[in-house]
Structure formats: C-alpha cells, structure tokens
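Okay, data09.pdb now, which holds PDB, C-alpha atoms:
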```pdb
MODEL        1
ATOM      1  CA  MET E 102      87.159  36.039  60.048
ATOM      2  CA  THR E 103      87.656  37.407  63.547
ATOM      3  CA  ARG E 104      86.912  41.080  64.099
ATOM      4  CA  PRO E 105      88.642  43.467  66.535
ATOM      5  CA  THR E 106      87.148  43.483  70.021
ATOM      6  CA  ALA E 107      86.686  46.016  72.790
ATOM      7  CA  LEU E 108      88.832  43.889  75.105
ATOM      8  CA  GLU E 109      91.764  44.185  72.695
ATOM      9  CA  LEU E 110      91.223  47.900  72.170
ATOM     10  CA  PHE E 111      91.200  48.782  75.862
ATOM     11  CA  ALA E 112      93.719  46.192  77.116
ATOM     12  CA  GLY E 113      96.363  47.591  79.444
ATOM     13  CA  ILE E 114      94.771  51.027  79.843
ATOM     14  CA  PRO E 115      95.116  52.375  83.411
ATOM     15  CA  GLU E 116      91.878  52.397  85.414
ATOM     16  CA  PRO E 117      91.704  56.214  85.725
ATOM     17  CA  ASP E 118      91.923  56.510  81.935
ATOM     18  CA  LYS E 119      89.294  53.792  81.499
ATOM     19  CA  GLY E 120      86.922  55.775  83.680
ATOM     20  CA  ARG E 121      87.509  58.922  81.656
ATOM     21  CA  ILE E 122      87.042  57.077  78.353
ATOM     22  CA  ALA E 123      83.801  55.484  79.570
ATOM     23  CA  ARG E 124      82.257  58.947  79.921
ATOM     24  CA  PHE E 125      82.364  59.275  76.140
ATOM     25  CA  PHE E 126      80.242  56.139  75.645
ATOM     26  CA  VAL E 127      76.579  56.333  74.665
ATOM     27  CA  GLU E 128      74.302  53.277  74.647
ATOM     28  CA  ARG E 129      71.757  52.831  71.866
ATOM     29  CA  ARG E 130      69.202  50.132  71.080
ATOM     30  CA  PHE E 131      68.032  48.997  67.645
ATOM     31  CA  PRO E 132      65.223  46.558  66.785
ATOM     32  CA  LYS E 133      65.857  43.675  64.414
ATOM     33  CA  GLY E 134      66.194  44.901  60.829
ATOM     34  CA  ALA E 135      66.981  48.511  61.762
ATOM     35  CA  ARG E 136      69.931  50.234  60.105
ATOM     36  CA  ILE E 137      72.581  51.381  62.536
ATOM     37  CA  PHE E 138      74.172  53.249  59.651
ATOM     38  CA  SER E 139      73.889  53.126  55.861
ATOM     39  CA  GLU E 140      76.382  53.366  53.034
ATOM     40  CA  GLY E 141      77.093  57.037  52.408
ATOM     41  CA  ASP E 142      76.336  58.164  55.969
ATOM     42  CA  PRO E 143      78.969  60.318  57.709
ATOM     43  CA  ALA E 144      81.674  58.189  59.360
ATOM     44  CA  ASP E 145      81.368  59.969  62.687
ATOM     45  CA  ALA E 146      81.413  57.195  65.310
ATOM     46  CA  MET E 147      82.690  53.753  66.234
ATOM     47  CA  PHE E 148      80.482  51.038  67.731
ATOM     48  CA  ILE E 149      80.786  48.085  70.105
ATOM     49  CA  VAL E 150      78.192  45.303  70.057
ATOM     50  CA  GLU E 151      76.834  44.798  73.582
ATOM     51  CA  GLU E 152      73.886  42.490  72.862
ATOM     52  CA  GLY E 153      72.644  40.655  69.777
ATOM     53  CA  PHE E 154      74.134  40.316  66.300
ATOM     54  CA  VAL E 155      74.982  43.010  63.738
ATOM     55  CA  ARG E 156      75.403  42.403  60.007
ATOM     56  CA  LEU E 157      77.757  44.440  57.869
ATOM     57  CA  ALA E 158      76.639  44.345  54.239
ATOM     58  CA  SER E 159      77.487  45.925  50.904
ATOM     59  CA  VAL E 160      75.047  46.440  48.022
ATOM     60  CA  SER E 161      76.289  46.528  44.414
ATOM     61  CA  ASN E 162      75.084  48.874  41.690
ATOM     62  CA  THR E 163      72.776  46.092  40.503
ATOM     63  CA  GLY E 164      71.214  45.710  43.948
ATOM     64  CA  ALA E 165      73.002  42.454  44.883
ATOM     65  CA  GLU E 166      73.829  42.320  48.590
ATOM     66  CA  THR E 167      76.974  40.766  50.041
ATOM     67  CA  ILE E 168      77.211  40.087  53.777
ATOM     68  CA  LEU E 169      80.703  41.081  54.875
ATOM     69  CA  HIS E 170      80.572  40.088  58.541
ATOM     70  CA  ILE E 171      78.185  38.946  61.256
ATOM     71  CA  LEU E 172      79.275  40.501  64.528
ATOM     72  CA  LYS E 173      78.666  39.286  68.074
ATOM     73  CA  ARG E 174      78.942  40.798  71.536
ATOM     74  CA  GLY E 175      82.201  42.631  72.203
ATOM     75  CA  GLU E 176      83.144  43.177  68.546
ATOM     76  CA  ILE E 177      83.900  46.609  67.098
ATOM     77  CA  PHE E 178      82.658  48.068  63.836
ATOM     78  CA  GLY E 179      82.777  51.430  62.126
ATOM     79  CA  GLU E 180      86.418  51.774  63.213
ATOM     80  CA  LEU E 181      87.627  52.931  59.787
ATOM     81  CA  PHE E 182      86.341  56.449  60.341
ATOM     82  CA  PHE E 183      89.820  57.925  60.005
ATOM     83  CA  ALA E 184      90.147  56.488  56.495
ATOM     84  CA  GLU E 185      86.661  57.278  55.179
ATOM     85  CA  GLU E 186      84.491  60.358  55.451
ATOM     86  CA  ARG E 187      81.425  58.334  54.436
ATOM     87  CA  ARG E 188      80.394  54.793  55.310
ATOM     88  CA  ALA E 189      81.360  52.232  52.669
ATOM     89  CA  PHE E 190      78.719  49.671  53.700
ATOM     90  CA  ASP E 191      75.550  49.176  55.766
ATOM     91  CA  ALA E 192      75.343  48.051  59.397
ATOM     92  CA  VAL E 193      72.031  46.340  60.160
ATOM     93  CA  ALA E 194      70.645  44.833  63.362
ATOM     94  CA  GLY E 195      70.423  41.084  62.728
ATOM     95  CA  THR E 196      68.490  40.732  66.003
ATOM     96  CA  ASP E 197      67.386  43.253  68.578
ATOM     97  CA  VAL E 198      70.723  44.801  69.499
ATOM     98  CA  VAL E 199      72.372  47.104  71.997
ATOM     99  CA  VAL E 200      75.500  48.973  70.927
ATOM    100  CA  THR E 201      77.919  51.352  72.582
ATOM    101  CA  VAL E 202      78.583  54.427  70.453
ATOM    102  CA  ILE E 203      81.947  56.206  70.657
ATOM    103  CA  PRO E 204      81.869  59.538  68.759
ATOM    104  CA  ARG E 205      84.800  60.130  66.426
ATOM    105  CA  ARG E 206      85.863  63.387  68.074
ATOM    106  CA  SER E 207      85.843  61.792  71.503
ATOM    107  CA  PHE E 208      87.933  58.866  70.264
ATOM    108  CA  GLU E 209      90.413  61.262  68.659
ATOM    109  CA  ASN E 210      90.869  62.764  72.113
ATOM    110  CA  VAL E 211      91.449  59.298  73.592
ATOM    111  CA  LEU E 212      94.116  58.450  71.011
ATOM    112  CA  ALA E 213      95.863  61.777  71.576
ATOM    113  CA  THR E 214      95.969  61.473  75.367
ATOM    114  CA  VAL E 215      96.173  57.730  76.090
ATOM    115  CA  PRO E 216      99.235  56.197  74.352
ATOM    116  CA  VAL E 217      98.217  52.614  75.194
ATOM    117  CA  ALA E 218      94.882  53.088  73.416
ATOM    118  CA  ALA E 219      96.649  54.514  70.372
ATOM    119  CA  ARG E 220      99.033  51.538  70.163
ATOM    120  CA  ASN E 221      96.164  49.078  70.601
ATOM    121  CA  PHE E 222      94.181  50.771  67.848
ATOM    122  CA  ILE E 223      97.092  50.687  65.400
ATOM    123  CA  ARG E 224      97.677  47.014  66.228
ATOM    124  CA  LEU E 225      93.984  46.211  65.627
ATOM    125  CA  LEU E 226      93.912  47.969  62.272
ATOM    126  CA  SER E 227      97.106  46.207  61.179
ATOM    127  CA  ARG E 228      95.731  42.786  62.082
ATOM    128  CA  ARG E 229      92.467  43.636  60.354
ATOM    129  CA  LEU E 230      94.330  44.421  57.119
ATOM    130  CA  VAL E 231      96.205  41.109  57.294
ATOM    131  CA  ARG E 232      92.948  39.190  57.836
ATOM    132  CA  VAL E 233      91.277  40.924  54.905
ATOM    133  CA  GLU E 234      94.169  40.043  52.604
ATOM    134  CA  GLN E 235      94.206  36.437  53.816
ATOM    135  CA  GLY E 236      90.468  36.157  53.355
ATOM    136  CA  TYR E 237      90.644  37.535  49.831
ATOM    137  CA  ALA E 238      93.434  35.134  48.902
ATOM    138  CA  GLY E 239      91.522  32.205  50.354
ATOM    139  CA  PHE E 240      88.348  32.983  48.399
ATOM    140  CA  GLY E 241      89.891  33.964  45.098
ATOM    141  CA  HIS E 242      90.251  30.552  43.444
ATOM    142  CA  THR E 243      87.849  28.174  45.164
ATOM    143  CA  TRP E 244      84.616  26.468  44.221
ATOM    144  CA  SER E 245      81.282  27.352  45.775
ATOM    145  CA  TYR E 246      81.149  24.264  48.020
ATOM    146  CA  HIS E 247      84.640  25.103  49.285
ATOM    147  CA  ARG E 248      83.715  28.730  50.006
ATOM    148  CA  LEU E 249      80.545  27.584  51.761
ATOM    149  CA  GLY E 250      82.465  25.120  53.906
ATOM    150  CA  LYS E 251      85.045  27.753  54.830
ATOM    151  CA  VAL E 252      82.316  30.194  55.854
ATOM    152  CA  LEU E 253      80.571  27.567  57.975
ATOM    153  CA  LEU E 254      83.870  26.799  59.721
ATOM    154  CA  ALA E 255      84.546  30.504  60.291
ATOM    155  CA  LEU E 256      81.054  31.035  61.720
ATOM    156  CA  ALA E 257      81.498  27.981  63.933
ATOM    157  CA  ALA E 258      84.801  29.352  65.239
ATOM    158  CA  GLU E 259      83.385  32.828  65.898
ATOM    159  CA  HIS E 260      79.873  32.048  67.115
ATOM    160  CA  GLY E 261      79.588  28.292  67.613
ATOM    161  CA  VAL E 262      78.365  26.469  70.716
ATOM    162  CA  SER E 263      79.739  22.971  71.312
ATOM    163  CA  THR E 264      77.103  20.215  71.549
ATOM    164  CA  ALA E 265      77.154  16.415  71.502
ATOM    165  CA  GLU E 266      76.191  16.468  67.813
ATOM    166  CA  GLY E 267      78.702  19.087  66.710
ATOM    167  CA  THR E 268      79.070  22.868  66.757
ATOM    168  CA  LEU E 269      75.729  24.674  66.845
ATOM    169  CA  LEU E 270      75.517  28.015  65.044
ATOM    170  CA  PRO E 271      73.184  30.205  67.151
ATOM    171  CA  LEU E 272      72.626  32.481  64.144
ATOM    172  CA  ARG E 273      69.381  32.060  62.246
ATOM    173  CA  LEU E 274      70.915  31.811  58.794
ATOM    174  CA  THR E 275      68.890  31.278  55.646
ATOM    175  CA  HIS E 276      70.307  29.876  52.416
ATOM    176  CA  GLU E 277      70.001  33.418  51.050
ATOM    177  CA  ASP E 278      72.171  34.709  53.914
ATOM    178  CA  LEU E 279      74.854  32.120  53.174
ATOM    179  CA  ALA E 280      74.712  32.987  49.470
ATOM    180  CA  LYS E 281      75.367  36.626  50.345
ATOM    181  CA  LEU E 282      78.317  35.593  52.499
ATOM    182  CA  ILE E 283      80.075  33.667  49.721
ATOM    183  CA  GLY E 284      78.987  35.604  46.631
ATOM    184  CA  THR E 285      76.792  33.035  44.910
ATOM    185  CA  THR E 286      73.102  32.243  44.392
ATOM    186  CA  ARG E 287      70.620  30.831  46.887
ATOM    187  CA  GLU E 288      70.037  27.861  44.577
ATOM    188  CA  THR E 289      73.753  27.025  44.600
ATOM    189  CA  VAL E 290      73.871  27.175  48.394
ATOM    190  CA  THR E 291      70.804  24.943  48.667
ATOM    191  CA  LYS E 292      72.451  22.355  46.405
ATOM    192  CA  GLN E 293      75.710  22.440  48.339
ATOM    193  CA  ILE E 294      74.006  22.328  51.746
ATOM    194  CA  LYS E 295      72.136  19.202  50.646
ATOM    195  CA  ARG E 296      75.461  17.705  49.603
ATOM    196  CA  LEU E 297      77.074  18.470  52.972
ATOM    197  CA  VAL E 298      74.025  17.076  54.795
ATOM    198  CA  ARG E 299      74.191  13.832  52.784
ATOM    199  CA  MET E 300      77.851  13.529  53.731
ATOM    200  CA  GLY E 301      77.018  13.973  57.423
ATOM    201  CA  LEU E 302      79.094  17.153  57.721
ATOM    202  CA  VAL E 303      76.208  19.532  58.383
ATOM    203  CA  LYS E 304      72.822  19.087  60.041
ATOM    204  CA  ARG E 305      69.811  21.372  60.287
ATOM    205  CA  GLU E 306      68.318  21.717  63.775
ATOM    206  CA  GLY E 307      65.179  23.844  63.491
ATOM    207  CA  ARG E 308      66.378  27.220  62.195
ATOM    208  CA  HIS E 309      70.011  26.565  63.102
ATOM    209  CA  PHE E 310      72.897  24.628  61.570
ATOM    210  CA  ILE E 311      75.057  22.085  63.376
ATOM    211  CA  VAL E 312      78.521  21.676  61.853
ATOM    212  CA  LYS E 313      80.893  18.752  62.301
ATOM    213  CA  THR E 314      83.888  21.043  62.219
ATOM    214  CA  GLU E 315      86.744  18.506  62.268
ATOM    215  CA  GLN E 316      85.173  16.343  59.587
ATOM    216  CA  LEU E 317      84.284  19.350  57.441
ATOM    217  CA  ALA E 318      87.818  20.755  57.713
ATOM    218  CA  THR E 319      89.254  17.375  56.709
ATOM    219  CA  PHE E 320      86.907  17.165  53.720
ATOM    220  CA  LEU E 321      87.783  20.675  52.537
ATOM    221  CA  SER E 322      91.483  19.928  52.827
ATOM    222  CA  SER E 323      91.156  16.767  50.752
ATOM    223  CA  ALA E 324      88.893  18.511  48.224
ATOM    224  CA  GLU E 325      91.111  21.609  47.874
ATOM    225  CA  LEU E 326      90.767  23.151  44.406
ATOM    226  CA  GLN E 327      89.016  20.106  42.946
ATOM    227  CA  PRO E 328      86.242  20.910  40.455
ATOM    228  CA  GLU E 329      82.658  20.847  41.617
ATOM    229  CA  PRO E 330      80.865  17.583  40.870
ATOM    230  CA  ALA E 331      78.843  17.559  37.693
ATOM    231  CA  PRO E 332      75.063  17.765  38.210
ATOM    232  CA  ARG E 333      73.207  14.466  38.192
ATOM    233  CA  ARG E 334      71.151  13.697  35.121
TER     234      ARG E 334
ENDMDL
END
```
Whole structure, structure tokens version:
Amino acid sequence: MTRPTALELFAGIPEPDKGRIARFFVERRFPKGARIFSEGDPADAMFIVEEGFVRLASVSNTGAETILHILKRGEIFGELFFAEERRAFDAVAGTDVVVTVIPRRSFENVLATVPVAARNFIRLLSRRLVRVEQGYAGFGHTWSYHRLGKVLLALAAEHGVSTAEGTLLPLRLTHEDLAKLIGTTRETVTKQIKRLVRMGLVKREGRHFIVKTEQLATFLSSAELQPEPAPRR
C-alpha cells in the first residue's frame, strides 16, 4: 500500500516558500533497530525517510506485533499528528536510517501560510484514508496464502527491483516479518512460502525474495476466495 511522499506534499510550492519551509527541517540518524518513536509518545513531529527503511508496527495487549508498513526513501510518516496527541504505533529503523524531522508547530505555520501545502496535505490524508479502507476490505475475507501473495505483490510494487529472474525485494524479510505483515503465524508463512516456491512464483536469493509478479497476480486471481489446500498426510 503506497504511502504519501514528500514530492506529493511539496508539489507546486513556489521556490521562495520551499526555502522558508526547508529552514524548519532537522536531520536525524538512527541505527538499525532504534525506535524513532514509540506508541504513546507525544505526536509532535512528522518525518520523511531520506535513507534506509523504516517499519511502522503495532503491538497488541498480548504482545503480538503487526507490521503496518515498511517505508522507503521519500515516504512520510507520523503525519497524523493533528488527529492524535499520542502515537498509536511504533516507528523503528529497519536499517540504519536518516530522516528529516518537521516539528508539528513549524508545520502548522506552513499550512497556515502556504495554501498549496495545505491543499496537498488534505489531498494526501484523503488518499491515505481511501487506501486504508481498500486494504481492510481486501484482507477481510481471504486465506493466508492469498494475503501473503498480496503482500508480496505490494512490496514488489513499492520496493522491487526488476531483474531477469523477476522482481527482487531489496528488503531483508524473515518469515516472521511476513507473518507480522499479514496477521498469521511464522509456521503458516513458512508453509505458504514453500508452496509458492514449488509453484515457481517465488524464489529465495540469499536473504532476499524474488517474485514473479505477473504469474503470482494471475494465480491469486484464479484462486480468489478458494479454501486453503488441506495439509498432506
């Protein structure tokens, strides 16, 4: 699911205003595994990924973690600070990362004085709401192999690099990571990955996945809402 980007947010803003806005920016670096913010922290800034990958994750009362998004360079997060006083999820550095920090008060000034930025921001939030609703509808009544395939296609579209063998995912994803992305167990993901590998739809290349996107999309379309195959005895 595509996230809002800095290019969209600042599109069409006059150069003098861009220069003034840039003075509000602060660059920060985080090592892999560091928390950029945690659930419950004050929602006092917005962030832009400049280098590396950032994971947005939510932890349930039972301690189960769900990965909400994996963000790449240019994508924005923490932008819901006008709707929440406290963070609703964690933001964690998936690699060593560099982010641009835009303080909430500074951004309020931008929205009040730069009409183009305000319109862009409203448009981004509206599209984000539509994507969330579409994503929820698409995941509500599907089997685990279907959810896994959809996530692999989404990751390929957002992060993939085209190769002769298929679309390479530059993310170092474990089966546990994929389980957290689709709300199932690691064992279920392992079983379904083996199935997709046997079918020639997915390949493991070192610590990365290669996805045959067209073939996988065709398979998911033909397998829409069909029950998962019974386990072999």
If we count all atoms listed in the file and set the cut-off at 10 Å, which residues sit around E:Pro143, ignoring sequence neighbours fewer than 2 positions away in its own chain? Please answer as a PDB file with C-alpha atoms, in the coordinates of the input.
```pdb
ATOM      1  CA  PHE E 138      74.172  53.249  59.651  1.00  0.00           C
ATOM      2  CA  SER E 139      73.889  53.126  55.861  1.00  0.00           C
ATOM      3  CA  GLU E 140      76.382  53.366  53.034  1.00  0.00           C
ATOM      4  CA  GLY E 141      77.093  57.037  52.408  1.00  0.00           C
ATOM      5  CA  ASP E 145      81.368  59.969  62.687  1.00  0.00           C
ATOM      6  CA  ALA E 146      81.413  57.195  65.310  1.00  0.00           C
ATOM      7  CA  PHE E 182      86.341  56.449  60.341  1.00  0.00           C
ATOM      8  CA  GLU E 185      86.661  57.278  55.179  1.00  0.00           C
ATOM      9  CA  GLU E 186      84.491  60.358  55.451  1.00  0.00           C
ATOM     10  CA  ARG E 187      81.425  58.334  54.436  1.00  0.00           C
ATOM     11  CA  ARG E 188      80.394  54.793  55.310  1.00  0.00           C
ATOM     12  CA  ALA E 189      81.360  52.232  52.669  1.00  0.00           C
TER      13      ALA E 189
END
```
Note to self: Please compute the atom CA of E:Ala258-atom CA of E:Leu297 distance, one decimal, in Å.
What the structure shows: 18.1 Å
Next item on the list: Give me the result of the PyMOL selection byres ((chain E and resi 267) around 8) on this file, residue by residue, as JSON, numbers by chain.
Entry: {"E": [263, 264, 265, 266, 268, 269, 311, 312, 313, 314]}
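Considering all atoms listed in the file, the residue among E:His309, E:Lys281, E:Lys119, E:Arg224 positioned nearest to E:Ala158 is E:Lys281.
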Next item on the list: Write out as a PyMOL selection string each polymer residue whose atoms come within 10 Å of E:Phe222, counting only C-alpha atoms; drop sequence neighbours fewer than 6 positions from it.
Entry: chain E and resi 105+109-111+180+212+216+228
C-alpha atoms of the current selection, written as a short mmCIF file (atom, residue, chain, number, x, y, z; two decimals), in the frame of the given file:
```cif
data_model
loop_
_atom_site.label_atom_id
_atom_site.label_comp_id
_atom_site.auth_asym_id
_atom_site.auth_seq_id
_atom_site.Cartn_x
_atom_site.Cartn_y
_atom_site.Cartn_z
CA PRO E 105 88.64 43.47 66.54
CA GLU E 109 91.76 44.18 72.69
CA LEU E 110 91.22 47.90 72.17
CA PHE E 111 91.20 48.78 75.86
CA GLU E 180 86.42 51.77 63.21
CA LEU E 212 94.12 58.45 71.01
CA PRO E 216 99.24 56.20 74.35
CA ARG E 228 95.73 42.79 62.08
#
```
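Between atom CA of E:Ile203 and atom CA of E:Ser159 the separation is 22.7 Å.
If you look at atom CA of E:Gly134 and atom CA of E:Ile283, they are 21.0 Å away from each other.
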Check: What lies within 10 Å of E:Ser245 using all atoms listed in the file, ignoring chain neighbours under 6 positions off, as a ChimeraX atom specification?
Finding: /E:251,280,283-286,289-290,293,328-329
Give the padded box for stretch 228-231 of chain E as lines of an AutoDock Vina configuration file: axis-aligned, covering all atoms listed in the file, 5 Å on each side, centre and edge lengths in Å to one decimal.
```
center_x = 94.3
center_y = 42.8
center_z = 59.6
size_x = 13.7
size_y = 13.3
size_z = 15.0
```
Next item on the list: Might you spell out which residues the PyMOL selection byres ((chain E and resi 124) around 12) would select in the displayed file, as a ChimeraX atom specification?
Entry: /E:117-123,125-128,201-204,207-208,211
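Nearest to E:Ile137 of all the residues E:Gly301, E:Gly164, E:Gly307, E:Gly195 is E:Gly195, based on only C-alpha atoms.
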